[in-house]
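Pasting data_16.csv here (CSV, C-alpha atoms):
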chain,number,residue,atom,x,y,z
A,1185,MET,CA,12.2,11.6,15.0
A,1186,SER,CA,8.5,12.0,14.4
A,1187,PRO,CA,5.9,11.3,17.1
A,1188,HIS,CA,3.2,11.1,14.4
A,1189,PHE,CA,0.7,13.0,16.4
A,1190,PRO,CA,-0.8,15.6,14.0
A,1191,THR,CA,-1.7,18.3,16.5
A,1192,THR,CA,1.1,18.2,19.1
A,1193,ALA,CA,4.4,17.9,17.3
A,1194,ARG,CA,6.1,18.2,13.9
A,1195,LEU,CA,8.9,16.0,12.7
A,1196,GLY,CA,11.6,15.7,14.9
A,1197,PHE,CA,14.1,14.4,17.0
A,1198,GLY,CA,42.8,23.3,22.6
A,1199,GLY,CA,42.6,19.9,24.6
A,1200,LEU,CA,39.9,17.8,26.1
A,1201,ALA,CA,39.3,20.4,28.9
A,1202,LEU,CA,38.4,23.0,26.3
A,1203,LEU,CA,36.1,20.5,24.5
A,1204,LEU,CA,34.2,19.8,27.7
A,1205,VAL,CA,33.8,23.5,28.4
A,1206,LEU,CA,32.3,24.1,25.0
A,1207,ALA,CA,30.2,20.9,25.3
A,1208,GLY,CA,29.0,21.7,28.8
A,1209,SER,CA,25.5,21.6,29.8
A,1210,ALA,CA,22.9,24.1,30.8
A,1211,LEU,CA,22.0,22.1,33.9
A,1212,PRO,CA,24.3,20.0,36.2
A,1213,ALA,CA,25.1,16.6,35.0
A,1214,THR,CA,24.7,14.9,38.3
A,1215,ALA,CA,22.4,15.2,41.3
A,1216,ALA,CA,23.5,17.3,44.3
A,1217,ALA,CA,25.2,15.5,47.1
A,1218,ALA,CA,22.7,13.9,49.6
A,1219,ASP,CA,22.7,12.3,52.9
A,1220,PRO,CA,24.5,8.9,53.0
A,1221,ALA,CA,21.2,7.3,54.2
A,1222,ASP,CA,19.5,8.1,50.9
A,1223,GLY,CA,17.7,4.9,49.8
A,1224,PRO,CA,16.5,3.4,46.6
A,1225,GLY,CA,14.2,5.4,44.4
A,1226,ALA,CA,10.9,4.6,42.8
A,1227,ALA,CA,10.8,3.1,39.3
A,1228,THR,CA,10.8,5.6,36.5
A,1229,VAL,CA,8.0,6.0,34.0
A,1230,GLU,CA,10.0,4.0,31.5
A,1231,GLU,CA,10.8,1.3,33.9
A,1232,GLN,CA,7.2,0.9,34.8
A,1233,ARG,CA,6.4,-0.2,31.3
A,1234,LEU,CA,8.7,-3.2,31.7
A,1235,ASP,CA,6.0,-5.4,33.2
A,1236,ARG,CA,3.7,-5.1,30.2
A,1237,ALA,CA,3.3,-8.3,28.2
A,1238,ALA,CA,5.1,-7.1,25.0
A,1239,PRO,CA,8.3,-6.0,26.7
A,1240,GLN,CA,8.4,-9.3,28.7
A,1241,GLU,CA,7.9,-11.3,25.5
A,1242,ILE,CA,10.6,-9.3,23.6
A,1243,LEU,CA,13.1,-10.0,26.5
A,1244,ARG,CA,12.2,-13.7,26.7
A,1245,ARG,CA,12.3,-14.3,22.9
A,1246,SER,CA,15.7,-12.7,22.6
A,1247,GLY,CA,17.4,-14.2,25.7
A,1248,PHE,CA,17.9,-10.8,27.2
A,1249,ASP,CA,15.6,-11.6,30.1
A,1250,ALA,CA,18.7,-13.2,31.8
A,1251,ALA,CA,20.6,-9.9,31.9
A,1252,ALA,CA,18.8,-8.4,34.9
A,1253,PRO,CA,19.0,-11.4,37.3
A,1254,ARG,CA,22.8,-11.6,36.6
A,1255,PHE,CA,23.2,-7.9,37.2
A,1256,ARG,CA,21.2,-8.2,40.5
A,1257,GLN,CA,23.5,-10.9,41.7
A,1258,ALA,CA,26.6,-8.8,40.9
A,1259,LEU,CA,25.2,-5.8,42.8
A,1260,GLU,CA,24.3,-8.1,45.8
A,1261,ARG,CA,27.9,-9.3,45.8
A,1262,SER,CA,29.3,-5.8,45.9
A,1263,ARG,CA,30.7,-4.9,49.3
A,1264,SER,CA,32.0,-1.4,48.4
A,1265,TYR,CA,31.2,1.4,46.0
A,1266,ALA,CA,34.3,0.6,43.9
A,1267,GLN,CA,33.0,-3.0,43.5
A,1268,ALA,CA,29.6,-1.7,42.5
A,1269,GLU,CA,31.1,0.7,40.1
A,1270,ARG,CA,33.0,-2.1,38.4
A,1271,ALA,CA,29.9,-4.3,38.2
A,1272,VAL,CA,27.8,-1.5,36.6
A,1273,ALA,CA,30.5,-0.7,34.0
A,1274,ARG,CA,31.0,-4.4,33.2
A,1275,HIS,CA,27.4,-5.4,32.9
A,1276,GLY,CA,26.5,-2.2,30.9
A,1277,ALA,CA,29.2,-2.7,28.4
A,1278,ALA,CA,28.4,-6.4,28.1
A,1279,LEU,CA,24.8,-5.6,27.3
A,1280,TRP,CA,25.8,-3.2,24.5
A,1281,ARG,CA,28.3,-5.7,23.1
A,1282,ARG,CA,25.8,-8.5,23.2
A,1283,ALA,CA,23.2,-6.5,21.4
A,1284,VAL,CA,25.8,-5.5,18.7
A,1285,ASP,CA,27.0,-9.1,18.3
A,1286,ARG,CA,23.4,-10.4,18.0
A,1287,ALA,CA,22.6,-7.8,15.4
A,1288,GLN,CA,25.7,-8.6,13.4
A,1289,GLY,CA,25.3,-12.4,13.6
A,1290,ARG,CA,27.9,-13.3,16.1
A,1291,GLY,CA,27.2,-15.9,18.7
A,1292,PRO,CA,23.9,-17.7,19.4
A,1293,ALA,CA,20.7,-15.8,18.8
A,1294,ALA,CA,19.4,-17.0,22.2
A,1295,GLY,CA,15.8,-16.9,21.1
A,1296,ASP,CA,13.6,-16.7,18.0
A,1297,LEU,CA,13.3,-12.9,17.7
A,1298,SER,CA,15.1,-11.6,14.7
A,1299,ARG,CA,18.7,-10.7,15.3
A,1300,GLY,CA,18.4,-7.1,13.9
A,1301,ASP,CA,15.8,-6.1,16.6
A,1302,ASP,CA,16.8,-3.1,18.6
A,1303,ARG,CA,14.1,-3.5,21.3
A,1304,PRO,CA,15.8,-6.2,23.5
A,1305,LEU,CA,18.6,-3.7,24.3
A,1306,TYR,CA,16.1,-1.0,25.2
A,1307,TRP,CA,14.1,-3.2,27.5
A,1308,ALA,CA,17.1,-5.0,29.0
A,1309,ARG,CA,18.7,-1.7,29.8
A,1310,LEU,CA,15.6,-0.6,31.7
A,1311,ALA,CA,15.5,-3.9,33.6
A,1312,LEU,CA,19.1,-3.3,34.7
A,1313,SER,CA,18.3,0.3,35.5
A,1314,ARG,CA,15.4,-0.8,37.7
A,1315,GLU,CA,17.6,-3.3,39.5
A,1316,LEU,CA,20.1,-0.5,40.2
A,1317,ARG,CA,17.5,1.9,41.3
A,1318,THR,CA,15.8,-0.4,43.8
A,1319,TRP,CA,19.0,-2.0,45.1
A,1320,THR,CA,19.8,-1.6,48.8
A,1321,PRO,CA,23.6,-2.0,49.3
A,1322,SER,CA,25.3,-3.2,52.4
A,1323,PHE,CA,27.4,0.1,52.5
A,1324,ALA,CA,26.4,3.8,52.5
A,1325,LEU,CA,25.4,5.1,49.1
A,1326,ASN,CA,24.2,8.7,48.8
A,1327,ALA,CA,22.1,10.1,46.0
A,1328,GLN,CA,25.0,11.6,44.1
A,1329,ARG,CA,26.9,8.3,43.9
A,1330,ARG,CA,23.7,6.4,43.0
A,1331,LYS,CA,23.2,8.9,40.2
A,1332,THR,CA,26.8,8.4,39.1
A,1333,LEU,CA,26.2,4.6,38.9
A,1334,ASP,CA,23.1,5.2,36.9
A,1335,THR,CA,25.0,7.4,34.5
A,1336,ALA,CA,27.7,4.8,34.1
A,1337,LEU,CA,25.1,2.1,33.3
A,1338,GLU,CA,23.5,4.4,30.7
A,1339,THR,CA,26.7,5.4,28.9
A,1340,ALA,CA,28.2,1.9,28.9
A,1341,SER,CA,25.0,0.2,27.6
A,1342,ARG,CA,24.6,2.8,24.9
A,1343,GLY,CA,28.0,2.3,23.4
A,1344,GLN,CA,29.2,5.7,24.5
A,1345,ARG,CA,32.3,4.2,26.2
A,1346,ASP,CA,32.9,1.8,23.3
A,1347,VAL,CA,33.8,4.3,20.5
A,1348,GLY,CA,37.3,3.8,19.1
A,1349,PHE,CA,39.1,4.0,15.8
A,1350,PRO,CA,42.2,1.8,16.3
A,1351,ASP,CA,43.4,2.0,12.7
A,1352,ARG,CA,44.4,5.5,11.7
A,1353,ARG,CA,44.6,4.5,8.1
A,1354,VAL,CA,40.8,4.3,7.7
A,1355,LYS,CA,38.3,7.1,7.6
A,1356,ARG,CA,36.3,7.6,10.8
A,1357,VAL,CA,32.6,7.9,11.0
A,1358,LEU,CA,30.3,8.4,14.0
A,1359,VAL,CA,26.6,7.5,13.8
A,1360,THR,CA,24.0,8.1,16.5
A,1361,GLY,CA,20.6,6.4,16.9
A,1362,PHE,CA,17.7,6.6,19.4
A,1363,ASP,CA,15.6,4.4,21.7
A,1364,PRO,CA,12.1,3.5,20.7
A,1365,PHE,CA,9.5,6.2,21.7
A,1366,THR,CA,5.7,6.9,21.8
A,1367,LEU,CA,5.5,3.6,23.8
A,1368,ASP,CA,2.2,4.5,25.5
A,1369,ARG,CA,0.7,4.5,22.1
A,1370,ASP,CA,2.2,1.1,21.2
A,1371,VAL,CA,4.6,-0.5,23.6
A,1372,ARG,CA,5.8,-2.9,20.8
A,1373,ILE,CA,7.5,-0.1,18.8
A,1374,GLY,CA,11.1,-0.3,17.7
A,1375,ASN,CA,13.3,2.4,16.2
A,1376,PRO,CA,15.2,1.8,13.0
A,1377,SER,CA,17.8,4.3,14.0
A,1378,GLY,CA,18.7,2.2,17.0
A,1379,ALA,CA,18.6,-0.9,14.9
A,1380,SER,CA,21.0,0.8,12.4
A,1381,ALA,CA,23.4,1.7,15.2
A,1382,LEU,CA,23.6,-1.9,16.3
A,1383,ALA,CA,24.1,-3.2,12.8
A,1384,LEU,CA,26.8,-0.7,11.9
A,1385,ASP,CA,28.9,-0.4,15.1
A,1386,GLY,CA,32.5,-1.3,14.4
A,1387,THR,CA,31.9,-2.2,10.8
A,1388,LEU,CA,33.8,-1.1,7.7
A,1389,VAL,CA,32.4,0.2,4.5
A,1390,ARG,CA,34.4,0.4,1.3
A,1391,THR,CA,34.8,3.7,-0.7
A,1392,ALA,CA,36.8,4.7,-3.7
A,1393,ASP,CA,39.1,6.4,-1.3
A,1394,GLY,CA,39.6,3.4,1.0
A,1395,PRO,CA,37.7,1.9,3.9
A,1396,ALA,CA,35.8,3.8,6.5
A,1397,ARG,CA,35.1,2.5,10.0
A,1398,ILE,CA,31.7,3.3,11.6
A,1399,GLU,CA,31.3,3.6,15.3
A,1400,THR,CA,27.9,4.2,16.8
A,1401,VAL,CA,26.1,5.2,20.0
A,1402,VAL,CA,22.4,5.4,21.0
A,1403,PHE,CA,20.7,8.2,22.9
A,1404,PRO,CA,17.6,8.2,25.2
A,1405,VAL,CA,14.4,10.0,24.2
A,1406,ARG,CA,14.4,12.2,27.3
A,1407,TRP,CA,14.5,16.0,27.4
A,1408,SER,CA,16.4,16.1,30.7
A,1409,ASP,CA,19.4,14.1,29.5
A,1410,PHE,CA,19.8,16.5,26.6
A,1411,ALA,CA,19.6,19.5,28.9
A,1412,GLU,CA,22.2,18.0,31.1
A,1413,GLY,CA,24.7,17.7,28.2
A,1414,ALA,CA,24.5,14.0,27.5
A,1415,VAL,CA,25.0,14.5,23.8
A,1416,GLU,CA,28.0,16.8,24.1
A,1417,ARG,CA,29.7,14.6,26.6
A,1418,ALA,CA,29.4,11.6,24.4
A,1419,VAL,CA,30.6,13.2,21.1
A,1420,ALA,CA,32.8,16.2,22.0
A,1421,ARG,CA,36.1,14.3,22.3
A,1422,HIS,CA,35.5,12.5,19.0
A,1423,LEU,CA,34.4,15.3,16.7
A,1424,PRO,CA,37.9,16.7,15.9
A,1425,HIS,CA,39.1,13.3,14.8
A,1426,LEU,CA,36.2,12.3,12.5
A,1427,ASP,CA,35.8,12.3,8.8
A,1428,LEU,CA,32.0,12.4,9.0
A,1429,PHE,CA,29.2,12.2,11.5
A,1430,THR,CA,25.5,11.7,11.2
A,1431,THR,CA,22.8,11.7,13.8
A,1432,ILE,CA,19.8,9.5,12.8
A,1433,SER,CA,16.2,9.1,13.9
A,1434,GLN,CA,12.9,7.9,12.7
A,1435,GLY,CA,11.0,10.4,10.6
A,1436,ARG,CA,8.3,10.3,7.9
A,1437,VAL,CA,6.5,7.4,6.3
A,1438,GLY,CA,8.1,5.8,3.3
A,1439,ARG,CA,11.1,8.2,2.8
A,1440,PHE,CA,14.5,9.3,4.0
A,1441,ASP,CA,15.2,13.0,4.7
A,1442,VAL,CA,18.5,14.8,4.9
A,1443,GLU,CA,17.6,17.7,7.1
A,1444,ARG,CA,19.2,20.9,5.8
A,1445,THR,CA,18.6,23.2,8.8
A,1446,ASN,CA,18.2,22.6,12.5
A,1447,GLY,CA,16.4,25.0,14.9
A,1448,ALA,CA,17.1,26.1,18.5
A,1449,TRP,CA,13.6,25.3,19.7
A,1450,ARG,CA,11.9,22.6,21.8
A,1451,GLY,CA,8.3,22.0,20.8
A,1452,GLY,CA,7.2,20.2,24.0
A,1453,PHE,CA,6.1,16.9,22.8
A,1454,PRO,CA,6.2,14.4,25.7
A,1455,ASP,CA,9.3,12.2,25.9
A,1456,ASN,CA,9.7,8.6,27.1
A,1457,GLU,CA,9.2,9.8,30.7
A,1458,ASN,CA,6.1,11.7,29.7
A,1459,ALA,CA,7.9,14.9,30.5
A,1460,SER,CA,7.5,18.0,28.3
A,1461,SER,CA,9.8,20.9,27.5
A,1462,THR,CA,9.0,24.0,25.4
A,1463,GLY,CA,11.4,26.9,24.7
A,1464,PRO,CA,14.9,27.5,23.4
A,1465,VAL,CA,17.3,24.5,23.3
A,1466,PRO,CA,19.3,24.9,26.5
A,1467,VAL,CA,23.0,25.1,25.8
A,1468,THR,CA,26.0,26.7,27.4
A,1469,ASP,CA,26.7,30.4,26.5
A,1470,PRO,CA,23.2,31.1,25.2
A,1471,GLY,CA,24.2,34.6,24.4
A,1472,THR,CA,26.1,33.3,21.4
A,1473,GLN,CA,23.6,30.6,20.5
A,1474,PRO,CA,22.4,30.8,16.9
A,1475,GLN,CA,18.8,30.3,16.0
A,1476,TRP,CA,19.8,27.9,13.2
A,1477,THR,CA,22.6,25.5,12.3
A,1478,SER,CA,23.1,23.8,8.9
A,1479,THR,CA,24.0,20.4,7.7
A,1480,THR,CA,27.4,19.8,6.0
A,1481,LEU,CA,26.4,16.4,4.7
A,1482,PRO,CA,26.5,16.1,0.9
A,1483,TYR,CA,22.8,16.3,0.7
A,1484,ARG,CA,22.5,16.5,-3.1
A,1485,ARG,CA,24.7,13.5,-3.6
A,1486,LEU,CA,22.6,11.5,-1.0
A,1487,ALA,CA,19.3,12.5,-2.6
A,1488,GLU,CA,20.5,11.5,-6.1
A,1489,ALA,CA,22.6,8.4,-5.4
A,1490,GLY,CA,19.9,5.7,-5.6
A,1491,THR,CA,20.9,4.1,-2.3
A,1492,GLY,CA,17.9,1.7,-1.8
A,1493,PRO,CA,14.2,1.2,-2.1
A,1494,PHE,CA,13.2,4.4,-0.3
A,1495,PRO,CA,13.4,7.9,-1.9
A,1496,VAL,CA,15.8,10.3,-0.2
A,1497,TYR,CA,14.8,14.0,0.0
A,1498,ASP,CA,16.8,17.1,0.6
A,1499,ASN,CA,14.5,18.7,3.1
A,1500,THR,CA,14.8,22.5,3.3
A,1501,GLU,CA,11.6,23.3,5.2
A,1502,VAL,CA,11.6,25.2,8.6
A,1503,THR,CA,9.1,27.0,10.8
A,1504,GLU,CA,10.2,30.4,12.0
A,1505,VAL,CA,9.0,33.6,13.6
A,1506,PRO,CA,10.2,36.2,11.1
A,1507,ALA,CA,12.2,39.2,12.2
A,1508,GLY,CA,9.7,41.7,13.6
A,1509,GLY,CA,6.9,39.2,13.5
A,1510,THR,CA,5.0,37.4,16.3
A,1511,GLU,CA,3.5,34.3,14.6
A,1512,PRO,CA,5.2,31.2,13.3
A,1513,VAL,CA,5.5,30.8,9.5
A,1514,THR,CA,6.5,27.7,7.6
A,1515,ARG,CA,9.1,28.3,5.0
A,1516,PRO,CA,9.8,25.7,2.3
A,1517,ASP,CA,13.3,27.0,1.5
A,1518,GLY,CA,14.9,27.6,4.9
A,1519,PRO,CA,15.0,30.4,7.4
A,1520,THR,CA,15.0,34.1,6.6
A,1521,PRO,CA,17.5,36.6,8.1
A,1522,GLY,CA,16.9,37.5,11.7
A,1523,SER,CA,14.2,35.0,12.3
A,1524,SER,CA,13.6,32.9,15.4
A,1525,ALA,CA,13.4,29.1,15.2
A,1526,ARG,CA,10.2,27.2,15.9
A,1527,ALA,CA,11.1,24.0,14.0
A,1528,GLY,CA,14.0,22.8,11.9
A,1529,GLY,CA,13.6,20.5,8.9
A,1530,GLY,CA,13.6,17.7,11.5
A,1531,GLY,CA,10.9,19.4,13.5
A,1532,ASP,CA,11.0,20.5,17.2
A,1533,TYR,CA,11.5,17.2,19.0
A,1534,LEU,CA,14.7,15.5,20.1
A,1535,SER,CA,15.9,14.5,16.6
A,1536,ASN,CA,16.0,18.2,15.7
A,1537,GLU,CA,17.7,18.9,19.0
A,1538,ILE,CA,20.5,16.2,18.6
A,1539,ALA,CA,21.2,17.6,15.1
A,1540,TYR,CA,21.3,21.1,16.5
A,1541,ARG,CA,23.5,20.3,19.4
A,1542,VAL,CA,26.1,18.3,17.4
A,1543,THR,CA,26.3,20.8,14.5
A,1544,LEU,CA,26.5,23.7,17.0
A,1545,LEU,CA,29.4,21.9,18.7
A,1546,ARG,CA,31.0,21.3,15.3
A,1547,ASP,CA,30.8,25.1,14.6
A,1548,ARG,CA,32.0,26.1,18.1
A,1549,LEU,CA,35.0,23.8,17.7
A,1550,ARG,CA,35.6,25.5,14.3
A,1551,LEU,CA,35.2,22.2,12.4
A,1552,ARG,CA,33.0,23.7,9.7
A,1553,HIS,CA,34.9,21.5,7.1
A,1554,LEU,CA,33.6,18.4,8.8
A,1555,PRO,CA,30.7,16.8,7.0
A,1556,GLY,CA,27.8,16.1,9.4
A,1557,GLY,CA,24.1,16.5,10.0
A,1558,HIS,CA,20.9,14.6,10.5
A,1559,LEU,CA,19.2,11.8,8.6
A,1560,HIS,CA,15.6,10.8,9.1
A,1561,THR,CA,14.7,7.2,8.3
A,1562,PRO,CA,11.3,6.0,7.1
A,1563,VAL,CA,8.8,5.0,9.8
A,1564,LEU,CA,9.2,1.3,10.9
A,1565,ARG,CA,5.7,-0.2,10.6
A,1566,PHE,CA,4.0,-3.5,11.5
A,1567,GLY,CA,2.2,-5.5,8.8
A,1568,ALA,CA,-1.2,-4.5,7.7
A,1569,GLU,CA,-2.9,-7.2,9.8
A,1570,ASN,CA,-0.8,-6.4,12.9
A,1571,THR,CA,-1.5,-2.7,13.6
A,1572,ASP,CA,-3.6,-3.0,16.7
A,1573,PRO,CA,-1.3,-2.7,19.8
A,1574,LEU,CA,-3.9,-4.4,21.9
A,1575,THR,CA,-4.2,-7.5,19.8
A,1576,GLY,CA,-1.1,-7.5,17.6
A,1577,THR,CA,2.0,-9.6,17.9
A,1578,VAL,CA,5.5,-8.2,18.8
A,1579,THR,CA,6.8,-8.9,15.3
A,1580,ASP,CA,5.8,-10.0,11.8
A,1581,PRO,CA,7.5,-10.6,8.5
A,1582,GLU,CA,6.7,-7.2,7.1
A,1583,PHE,CA,8.0,-5.4,10.2
A,1584,GLU,CA,11.3,-7.4,10.0
A,1585,ARG,CA,11.7,-6.9,6.3
A,1586,ASN,CA,11.0,-3.2,6.6
A,1587,ARG,CA,13.6,-2.8,9.3
A,1588,SER,CA,16.2,-4.7,7.3
A,1589,ASP,CA,15.5,-2.6,4.2
A,1590,ILE,CA,15.9,0.6,6.2
A,1591,VAL,CA,19.1,-0.5,7.9
A,1592,ARG,CA,20.7,-1.6,4.6
A,1593,GLN,CA,19.9,1.8,3.1
A,1594,VAL,CA,21.3,3.6,6.1
A,1595,ARG,CA,24.6,1.7,5.6
A,1596,GLU,CA,24.6,2.7,1.9
A,1597,LEU,CA,23.8,6.3,2.7
A,1598,VAL,CA,26.7,6.5,5.2
A,1599,ARG,CA,29.0,4.9,2.6
A,1600,THR,CA,27.8,7.4,0.0
A,1601,ALA,CA,28.3,10.3,2.4
A,1602,VAL,CA,31.9,9.4,3.3
A,1603,ALA,CA,32.9,8.6,-0.2
A,1604,PRO,CA,35.1,11.3,-1.9

Would you give me this structure, written as structure tokens?
Amino acid sequence: MSPHFPTTARLGFGGLALLLVLAGSALPATAAAADPADGPGAATVEEQRLDRAAPQEILRRSGFDAAAPRFRQALERSRSYAQAERAVARHGAALWRRAVDRAQGRGPAAGDLSRGDDRPLYWARLALSRELRTWTPSFALNAQRRKTLDTALETASRGQRDVGFPDRRVKRVLVTGFDPFTLDRDVRIGNPSGASALALDGTLVRTADGPARIETVVFPVRWSDFAEGAVERAVARHLPHLDLFTTISQGRVGRFDVERTNGAWRGGFPDNENASSTGPVPVTDPGTQPQWTSTTLPYRRLAEAGTGPFPVYDNTEVTEVPAGGTEPVTRPDGPTPGSSARAGGGGDYLSNEIAYRVTLLRDRLRLRHLPGGHLHTPVLRFGAENTDPLTGTVTDPEFERNRSDIVRQVRELVRTAVAP
């Protein structure tokens, strides 16, 4: 995931009980218990962007503008926490399923926005989140329970409760994507990794060794969610049963990158809440935390396979503070022994961090045979006459064609990676 700001950030983004211990967070996952009189909270930075013209147009032209009013009605009909909990889970899951169905051509398009667009899901989720945050129920609801409802909405609407591999005869692949980001620069932005997740969820790809089923989830662009263990909670139970995983985010212009090495460092670029975080990636048991983790994806095969219109690079570059040194040094061929991470191949933003977290979890679970790592897509760009966010339209033919090309190549790269 690349913010594309040249001076502030480089490229970037036994049983179940044991898994959850290993996948645990450095910070608590939920807010502390509060007084039952705790009321609704103020809109978040992300939610405040909802009222801008472009998000409203995206919602209207996709039919996703109807999701929030329906959700509000369901909340208002809830007469107990249990009823509210069911309403949140139902509407969150329906939002994800509707976005996946729309992207994969099932059901009516409900608007003239192209089906493969990931942005309606992002903005509709925020519209539901704002309804939940500002809702005043008829029963007591403390801050901890309100936080639990918010987490349930997040996980359900991101596909994180939808992962399943019902047929044991097929290979199992998990793919992750991201929300749009850098929205204060251009609120129209989409994310091809999120679009790929919607297009691939629940689909089969054919390989010489038989079919593989792809399941997908999408993550927020927020430092705090990662520090609270959102990634590990979503993927830990699935990793031991997979044949391949890949985290995906938007990267450089005009190219795919298979990131060879991931670093244990946050570079501080602002997230979607305009929050910043700089320092070591916060994980459980930091005393055993390595500075670097490595991909186990078949990077040479992916770089050489000819999977689509964009070149695919095996990216080995990192930035480190060498052993005994004090200043960061960029190395084209990976880290040197004893060095401290300052950026992986995927940089020092959340794309690097998701790759670091999932590959660290892979290694801590002793699944080093499991192929997995990070893939950066090309940047999704508007047409040459549509680059000004103040005067530009929310979509154009080049934008839609570019997104479709990226998504098709992601599918082929996944198929290539899982092939024998």

> Using all atoms listed in the file, which residue out of A:Arg1406, A:Arg1417, A:Arg1261, A:His1558 lies closest to Tyr1483 in chain A?
Replying inline: A:His1558

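Atom pair CA of Arg1421 in chain A / CA of Leu1544 in chain A has a distance of 14.4 Å (rounded to one decimal).
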
With range 1330-1352 of chain A as the partner and 12 Å as the cut-off, tabulate the residues of range 1358-1381 of chain A that qualify, each row holding the nearest pair of atoms and their distance in Å to one decimal, using all atoms listed in the file, sorted by chain and rising number, as a Markdown table.
| residue | atom | partner | partner_atom | distance |
| --- | --- | --- | --- | --- |
| A:Leu1358 | CA | A:Val1347 | CA | 8.4 |
| A:Val1359 | CA | A:Val1347 | CA | 10.3 |
| A:Thr1360 | CA | A:Gln1344 | CA | 9.8 |
| A:Gly1361 | CA | A:Arg1342 | CA | 9.6 |
| A:Phe1362 | CA | A:Arg1342 | CA | 9.6 |
| A:Asp1363 | CA | A:Arg1342 | CA | 9.7 |
| A:Gly1378 | CA | A:Arg1342 | CA | 9.9 |
| A:Ala1381 | CA | A:Gly1343 | CA | 9.4 |

>> Rounded to one decimal, what separation in Å do you get between CA of Arg1256 in chain A and CA of Arg1303 in chain A?
In response: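 Separating CA of Arg1256 in chain A from CA of Arg1303 in chain A is a distance of 21.0 Å.
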
> With all atoms listed in the file as the basis for distance, which of A:Leu1559, A:Leu1545, A:Val1505, A:Ala1383 is at the shortest distance from Leu1597 in chain A?
Replying inline: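 Smallest separation from Leu1597 in chain A among the options: A:Leu1559.
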
>> Just want the 8 Å neighbourhood of Pro1224 in chain A, counted on only C-alpha atoms, with same-chain residues fewer than 5 positions away dropped. Output as an MDAnalysis selection string.
In response: chainID A and resid 1317:1320

All heavy atoms are needed for range 1253-1257 of chain A; please write them out as a PDB file, in the coordinates of the input.
ATOM      1  N   PRO A1253      18.685 -10.560  36.128  1.00  0.00           N
ATOM      2  CA  PRO A1253      19.000 -11.400  37.300  1.00  0.00           C
ATOM      3  C   PRO A1253      20.556 -11.495  37.497  1.00  0.00           C
ATOM      4  O   PRO A1253      21.021 -11.481  38.644  1.00  0.00           O
ATOM      5  CB  PRO A1253      18.456 -12.772  36.902  1.00  0.00           C
ATOM      6  CG  PRO A1253      17.310 -12.454  35.994  1.00  0.00           C
ATOM      7  CD  PRO A1253      17.766 -11.262  35.205  1.00  0.00           C
ATOM      8  N   ARG A1254      21.338 -11.575  36.427  1.00  0.00           N
ATOM      9  CA  ARG A1254      22.800 -11.600  36.600  1.00  0.00           C
ATOM     10  C   ARG A1254      23.315 -10.302  37.182  1.00  0.00           C
ATOM     11  O   ARG A1254      24.204 -10.295  38.043  1.00  0.00           O
ATOM     12  CB  ARG A1254      23.467 -11.861  35.236  1.00  0.00           C
ATOM     13  CG  ARG A1254      23.205 -13.229  34.631  1.00  0.00           C
ATOM     14  CD  ARG A1254      24.181 -13.490  33.495  1.00  0.00           C
ATOM     15  NE  ARG A1254      23.804 -14.666  32.724  1.00  0.00           N
ATOM     16  CZ  ARG A1254      23.272 -14.645  31.508  1.00  0.00           C
ATOM     17  NH1 ARG A1254      23.051 -13.477  30.908  1.00  0.00           N
ATOM     18  NH2 ARG A1254      22.971 -15.752  30.872  1.00  0.00           N
ATOM     19  N   PHE A1255      22.742  -9.206  36.731  1.00  0.00           N
ATOM     20  CA  PHE A1255      23.200  -7.900  37.200  1.00  0.00           C
ATOM     21  C   PHE A1255      22.787  -7.774  38.719  1.00  0.00           C
ATOM     22  O   PHE A1255      23.578  -7.264  39.525  1.00  0.00           O
ATOM     23  CB  PHE A1255      22.487  -6.802  36.424  1.00  0.00           C
ATOM     24  CG  PHE A1255      22.890  -5.408  36.785  1.00  0.00           C
ATOM     25  CD1 PHE A1255      24.219  -5.027  36.833  1.00  0.00           C
ATOM     26  CD2 PHE A1255      21.923  -4.446  37.073  1.00  0.00           C
ATOM     27  CE1 PHE A1255      24.597  -3.730  37.156  1.00  0.00           C
ATOM     28  CE2 PHE A1255      22.274  -3.153  37.395  1.00  0.00           C
ATOM     29  CZ  PHE A1255      23.620  -2.799  37.439  1.00  0.00           C
ATOM     30  N   ARG A1256      21.601  -8.233  39.093  1.00  0.00           N
ATOM     31  CA  ARG A1256      21.200  -8.200  40.500  1.00  0.00           C
ATOM     32  C   ARG A1256      22.157  -8.952  41.378  1.00  0.00           C
ATOM     33  O   ARG A1256      22.547  -8.486  42.453  1.00  0.00           O
ATOM     34  CB  ARG A1256      19.777  -8.760  40.641  1.00  0.00           C
ATOM     35  CG  ARG A1256      19.208  -8.660  42.059  1.00  0.00           C
ATOM     36  CD  ARG A1256      17.934  -9.481  42.209  1.00  0.00           C
ATOM     37  NE  ARG A1256      17.034  -9.252  41.085  1.00  0.00           N
ATOM     38  CZ  ARG A1256      16.530 -10.210  40.333  1.00  0.00           C
ATOM     39  NH1 ARG A1256      16.843 -11.485  40.561  1.00  0.00           N
ATOM     40  NH2 ARG A1256      15.704  -9.917  39.341  1.00  0.00           N
ATOM     41  N   GLN A1257      22.579 -10.119  40.917  1.00  0.00           N
ATOM     42  CA  GLN A1257      23.500 -10.900  41.700  1.00  0.00           C
ATOM     43  C   GLN A1257      24.864 -10.180  41.850  1.00  0.00           C
ATOM     44  O   GLN A1257      25.480 -10.206  42.922  1.00  0.00           O
ATOM     45  CB  GLN A1257      23.737 -12.263  41.021  1.00  0.00           C
ATOM     46  CG  GLN A1257      22.510 -13.164  41.056  1.00  0.00           C
ATOM     47  CD  GLN A1257      22.688 -14.417  40.209  1.00  0.00           C
ATOM     48  OE1 GLN A1257      23.749 -14.628  39.600  1.00  0.00           O
ATOM     49  NE2 GLN A1257      21.649 -15.251  40.155  1.00  0.00           N
TER      50      GLN A1257
END
